[in-house]
Amino acid sequence: MKVSELIELLEEQDPDAEVLVMSQPNWPFELGLAGVTTREEMLRADREDGDDDEEPRLERGTAKNDVFLVEGEQLRYGSKTAWSVATR
């Protein structure tokens, strides 16, 4: 899913609603959202923490501008129905 597609889906939702993550379709859990980051931010932080000044190589199929929704705290059990009714 592209960022623009996610934004379009979220625009249809209540802007004051809590954003949660539903994970593991076979044993679902509702999770809070810890935050958002990019692959580039993580690579930069890894370089700053280490001694290596060399630019890391990206794995095939990845890009520096990949966006990650970072899983937060596990809140409760979820519902398997989420996957069948999710808007795409």
# chains A, B, ... in the order shown; residues from 1 in each chain; ligands from 1
call {"tool": "residues_around", "arguments": {"residues": "Asp66 in chain A", "least_positions_apart": "3", "cutoff": "8 Å", "atoms": "only C-alpha atoms", "output": "NGL selection string"}}
result
:A and (38-40 or 62-63)
call {"tool": "select_by_dssp", "arguments": {"residues": "chain A", "states": "strand (DSSP E)", "output": "number ranges by chain"}}
result
A: 20-23, 29-38, 67-77
call {"tool": "write_last_selection", "arguments": {"atoms": "N, CA and C atoms", "output": "PDB file, in the first residue's frame"}}
result
ATOM      1  N   LEU A  20      -5.288   2.040  15.726  1.00  0.00           N
ATOM      2  CA  LEU A  20      -4.783   0.795  16.304  1.00  0.00           C
ATOM      3  C   LEU A  20      -4.304  -0.104  15.182  1.00  0.00           C
ATOM      4  N   VAL A  21      -3.516  -1.105  15.519  1.00  0.00           N
ATOM      5  CA  VAL A  21      -3.038  -2.095  14.567  1.00  0.00           C
ATOM      6  C   VAL A  21      -3.646  -3.438  14.956  1.00  0.00           C
ATOM      7  N   MET A  22      -4.224  -4.154  13.979  1.00  0.00           N
ATOM      8  CA  MET A  22      -4.705  -5.514  14.208  1.00  0.00           C
ATOM      9  C   MET A  22      -3.645  -6.426  13.607  1.00  0.00           C
ATOM     10  N   SER A  23      -3.113  -7.339  14.416  1.00  0.00           N
ATOM     11  CA  SER A  23      -2.036  -8.208  13.919  1.00  0.00           C
ATOM     12  C   SER A  23      -2.399  -9.670  14.099  1.00  0.00           C
ATOM     13  N   PHE A  29      -4.583  -9.809  17.693  1.00  0.00           N
ATOM     14  CA  PHE A  29      -4.405  -8.887  18.811  1.00  0.00           C
ATOM     15  C   PHE A  29      -4.621  -7.463  18.315  1.00  0.00           C
ATOM     16  N   GLU A  30      -5.162  -6.627  19.177  1.00  0.00           N
ATOM     17  CA  GLU A  30      -5.223  -5.189  18.922  1.00  0.00           C
ATOM     18  C   GLU A  30      -4.001  -4.561  19.581  1.00  0.00           C
ATOM     19  N   LEU A  31      -3.314  -3.726  18.821  1.00  0.00           N
ATOM     20  CA  LEU A  31      -2.092  -3.081  19.298  1.00  0.00           C
ATOM     21  C   LEU A  31      -2.203  -1.579  19.131  1.00  0.00           C
ATOM     22  N   GLY A  32      -1.618  -0.854  20.055  1.00  0.00           N
ATOM     23  CA  GLY A  32      -1.493   0.585  19.890  1.00  0.00           C
ATOM     24  C   GLY A  32      -0.460   0.876  18.812  1.00  0.00           C
ATOM     25  N   LEU A  33      -0.417   2.091  18.370  1.00  0.00           N
ATOM     26  CA  LEU A  33       0.558   2.523  17.376  1.00  0.00           C
ATOM     27  C   LEU A  33       1.607   3.360  18.096  1.00  0.00           C
ATOM     28  N   ALA A  34       2.868   2.900  18.075  1.00  0.00           N
ATOM     29  CA  ALA A  34       3.944   3.609  18.773  1.00  0.00           C
ATOM     30  C   ALA A  34       4.398   4.842  17.995  1.00  0.00           C
ATOM     31  N   GLY A  35       4.304   4.777  16.668  1.00  0.00           N
ATOM     32  CA  GLY A  35       4.734   5.903  15.859  1.00  0.00           C
ATOM     33  C   GLY A  35       4.945   5.518  14.415  1.00  0.00           C
ATOM     34  N   VAL A  36       5.569   6.422  13.672  1.00  0.00           N
ATOM     35  CA  VAL A  36       5.827   6.255  12.243  1.00  0.00           C
ATOM     36  C   VAL A  36       7.293   6.586  11.991  1.00  0.00           C
ATOM     37  N   THR A  37       7.938   5.804  11.137  1.00  0.00           N
ATOM     38  CA  THR A  37       9.321   6.091  10.769  1.00  0.00           C
ATOM     39  C   THR A  37       9.555   5.666   9.325  1.00  0.00           C
ATOM     40  N   THR A  38      10.733   5.947   8.814  1.00  0.00           N
ATOM     41  CA  THR A  38      11.110   5.521   7.468  1.00  0.00           C
ATOM     42  C   THR A  38      12.371   4.666   7.544  1.00  0.00           C
ATOM     43  N   VAL A  67       7.874   3.500   4.433  1.00  0.00           N
ATOM     44  CA  VAL A  67       7.289   4.022   5.672  1.00  0.00           C
ATOM     45  C   VAL A  67       6.845   2.856   6.548  1.00  0.00           C
ATOM     46  N   PHE A  68       7.135   2.938   7.848  1.00  0.00           N
ATOM     47  CA  PHE A  68       6.770   1.903   8.804  1.00  0.00           C
ATOM     48  C   PHE A  68       5.835   2.475   9.864  1.00  0.00           C
ATOM     49  N   LEU A  69       4.716   1.790  10.068  1.00  0.00           N
ATOM     50  CA  LEU A  69       3.851   2.060  11.212  1.00  0.00           C
ATOM     51  C   LEU A  69       4.379   1.143  12.303  1.00  0.00           C
ATOM     52  N   VAL A  70       4.870   1.711  13.382  1.00  0.00           N
ATOM     53  CA  VAL A  70       5.562   0.943  14.410  1.00  0.00           C
ATOM     54  C   VAL A  70       4.575   0.479  15.480  1.00  0.00           C
ATOM     55  N   GLU A  71       4.542  -0.824  15.658  1.00  0.00           N
ATOM     56  CA  GLU A  71       3.643  -1.450  16.628  1.00  0.00           C
ATOM     57  C   GLU A  71       3.928  -0.963  18.034  1.00  0.00           C
ATOM     58  N   GLY A  72       2.865  -0.677  18.747  1.00  0.00           N
ATOM     59  CA  GLY A  72       2.985  -0.259  20.137  1.00  0.00           C
ATOM     60  C   GLY A  72       2.571  -1.369  21.085  1.00  0.00           C
ATOM     61  N   GLU A  73       1.971  -0.996  22.171  1.00  0.00           N
ATOM     62  CA  GLU A  73       1.585  -1.919  23.236  1.00  0.00           C
ATOM     63  C   GLU A  73       0.426  -2.830  22.807  1.00  0.00           C
ATOM     64  N   GLN A  74       0.505  -4.105  23.187  1.00  0.00           N
ATOM     65  CA  GLN A  74      -0.610  -5.029  22.967  1.00  0.00           C
ATOM     66  C   GLN A  74      -1.729  -4.664  23.933  1.00  0.00           C
ATOM     67  N   LEU A  75      -2.906  -4.405  23.407  1.00  0.00           N
ATOM     68  CA  LEU A  75      -4.008  -3.908  24.223  1.00  0.00           C
ATOM     69  C   LEU A  75      -4.998  -4.996  24.642  1.00  0.00           C
ATOM     70  N   ARG A  76      -5.338  -5.876  23.692  1.00  0.00           N
ATOM     71  CA  ARG A  76      -6.341  -6.918  23.970  1.00  0.00           C
ATOM     72  C   ARG A  76      -6.396  -7.861  22.767  1.00  0.00           C
ATOM     73  N   TYR A  77      -7.179  -8.934  22.925  1.00  0.00           N
ATOM     74  CA  TYR A  77      -7.405  -9.833  21.798  1.00  0.00           C
ATOM     75  C   TYR A  77      -8.213  -9.112  20.735  1.00  0.00           C
TER      76      TYR A  77
END
call {"tool": "atom_distance", "arguments": {"atom1": "CA of Pro28 in chain A", "atom2": "CA of Lys64 in chain A"}}
result
29.9 Å
call {"tool": "residues_around", "arguments": {"residues": "Glu8 in chain A", "least_positions_apart": "6", "cutoff": "12 Å", "atoms": "only C-alpha atoms", "output": "compact mmCIF listing (two decimals) with N, CA and C atoms, in the first residue's frame"}}
result
# COMPACT_ATOMS: atom_id res chain seq x y z
N MET A 1 0.85 -1.17 0.00
CA MET A 1 0.00 0.00 0.00
C MET A 1 0.90 1.24 0.00
N LYS A 2 0.53 2.19 -0.78
CA LYS A 2 1.27 3.46 -0.86
C LYS A 2 0.73 4.44 0.18
N THR A 87 -11.04 -2.36 4.39
CA THR A 87 -11.10 -1.61 3.15
C THR A 87 -9.71 -1.57 2.55
N ARG A 88 -9.63 -1.81 1.25
CA ARG A 88 -8.33 -1.82 0.56
C ARG A 88 -8.33 -0.85 -0.57
call {"tool": "residues_around", "arguments": {"residues": "Asn26 in chain A", "least_positions_apart": "6", "cutoff": "12 Å", "atoms": "only C-alpha atoms", "output": "ChimeraX atom specification"}}
result
/A:77-83
call {"tool": "select_by_dssp", "arguments": {"residues": "chain A", "states": "helix (DSSP H, G or I)", "output": "PyMOL selection string"}}
result
chain A and resi 3-11+39-49+81-85
call {"tool": "write_last_selection", "arguments": {"atoms": "C-alpha atoms", "output": "short mmCIF file (atom, residue, chain, number, x, y, z; two decimals), in the first residue's frame"}}
result
data_model
loop_
_atom_site.label_atom_id
_atom_site.label_comp_id
_atom_site.auth_asym_id
_atom_site.auth_seq_id
_atom_site.Cartn_x
_atom_site.Cartn_y
_atom_site.Cartn_z
CA VAL A 3 1.15 6.42 1.54
CA SER A 4 -1.33 8.18 -0.74
CA GLU A 5 -3.64 5.13 -0.62
CA LEU A 6 -3.46 4.99 3.18
CA ILE A 7 -4.20 8.73 3.44
CA GLU A 8 -7.23 8.29 1.17
CA LEU A 9 -8.55 5.45 3.34
CA LEU A 10 -7.95 7.40 6.55
CA GLU A 11 -9.69 10.52 5.18
CA ARG A 39 13.82 3.11 6.42
CA GLU A 40 16.09 6.11 5.83
CA GLU A 41 15.63 7.34 9.43
CA MET A 42 16.49 3.89 10.77
CA LEU A 43 19.57 3.57 8.53
CA ARG A 44 20.75 7.03 9.60
CA ALA A 45 20.30 6.18 13.29
CA ASP A 46 22.16 2.89 12.84
CA ARG A 47 25.08 4.73 11.20
CA GLU A 48 25.19 7.31 14.00
CA ASP A 49 25.22 4.56 16.65
CA THR A 81 -13.16 -10.66 11.01
CA ALA A 82 -10.90 -7.60 10.58
CA TRP A 83 -9.15 -9.17 7.56
CA SER A 84 -12.38 -9.95 5.70
CA VAL A 85 -13.93 -6.50 6.18
#
